[in-house]
Structures are given as structure tokens and as C-alpha cells.
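Colleague: One structure follows; several queries about it will come next.
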Amino acid sequence: GLHKLAWSYFHSGRLRESIVIHDQMLEIEPNYAWGCMTMSWALRLAGDFDKAVFYAAKGVDLTRGNPMYLT
């Protein structure tokens, strides 16, 4: 699905493409915690720190503080 494509772009260093696909994916499923976390990583590496923090916090909230997401 879209997350696999976004993740592939992320690992290829194609951050802008990854972010575009993440946006599409999260528009369809806004409460997808893992998608929020990987979006956060892509945004952080792209230098968009405010949005990265927003998506990281959302991922943590969606998982009710799951320790994996807190790291």
C-alpha cells in the first residue's frame, strides 16, 4: 500500500516524495500511528521540525504512550 511506497521513498533518500505519499496515506487513515511516526522521521530529515514533532506526538498519543513510540 501507500505506506510501503512512502517507506521505500524514505529509504531511498527521496524525502519529498515520501512526505507527499505520507500525506496521502494519512488523509485516508489519519489515526495510523506507525504512519504518523514514519512521517515524523521523514519531516525531521527534511528539516521541517515543527511538523515532525506534531506527527511524533500524534503517534505517541494514538498508541497511548507505547514505549517503542516514545523513543
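Residue names in the C-alpha cells use chain letters A, B, ... in the order shown, residue numbers from 1 in each chain, and ligand numbers from 1 in the order shown.
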Do you know which residues are at most 8 Å from region 36-43 of chain A counting only C-alpha atoms, after dropping those on the same chain fewer than 3 positions away, and could you put them as a VMD selection string?
Modeller: chain A and resid 7 10 15 18 to 19 22 26 31 to 33 46 to 49 51 to 56 58 to 59 69
Colleague: Rank nothing, just name the residue among A:Gln24, A:Arg44, A:Leu2, A:Gly35 nearest to Thr63 (chain A), using only C-alpha atoms.
Modeller: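 Using only C-alpha atoms, the shortest distance to Thr63 (chain A) belongs to A:Gly35.
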Colleague: Please measure the separation of CA of His3 (chain A) and CA of Ile21 (chain A), giving the value in Å to one decimal.
Modeller: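 Straight-line distance from CA of His3 (chain A) to CA of Ile21 (chain A) works out to 7.6 Å.
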Colleague: Work out how far CA of Gly1 (chain A) is from CA of Asp50 (chain A), in Å to one decimal.
Modeller: 26.8 Å
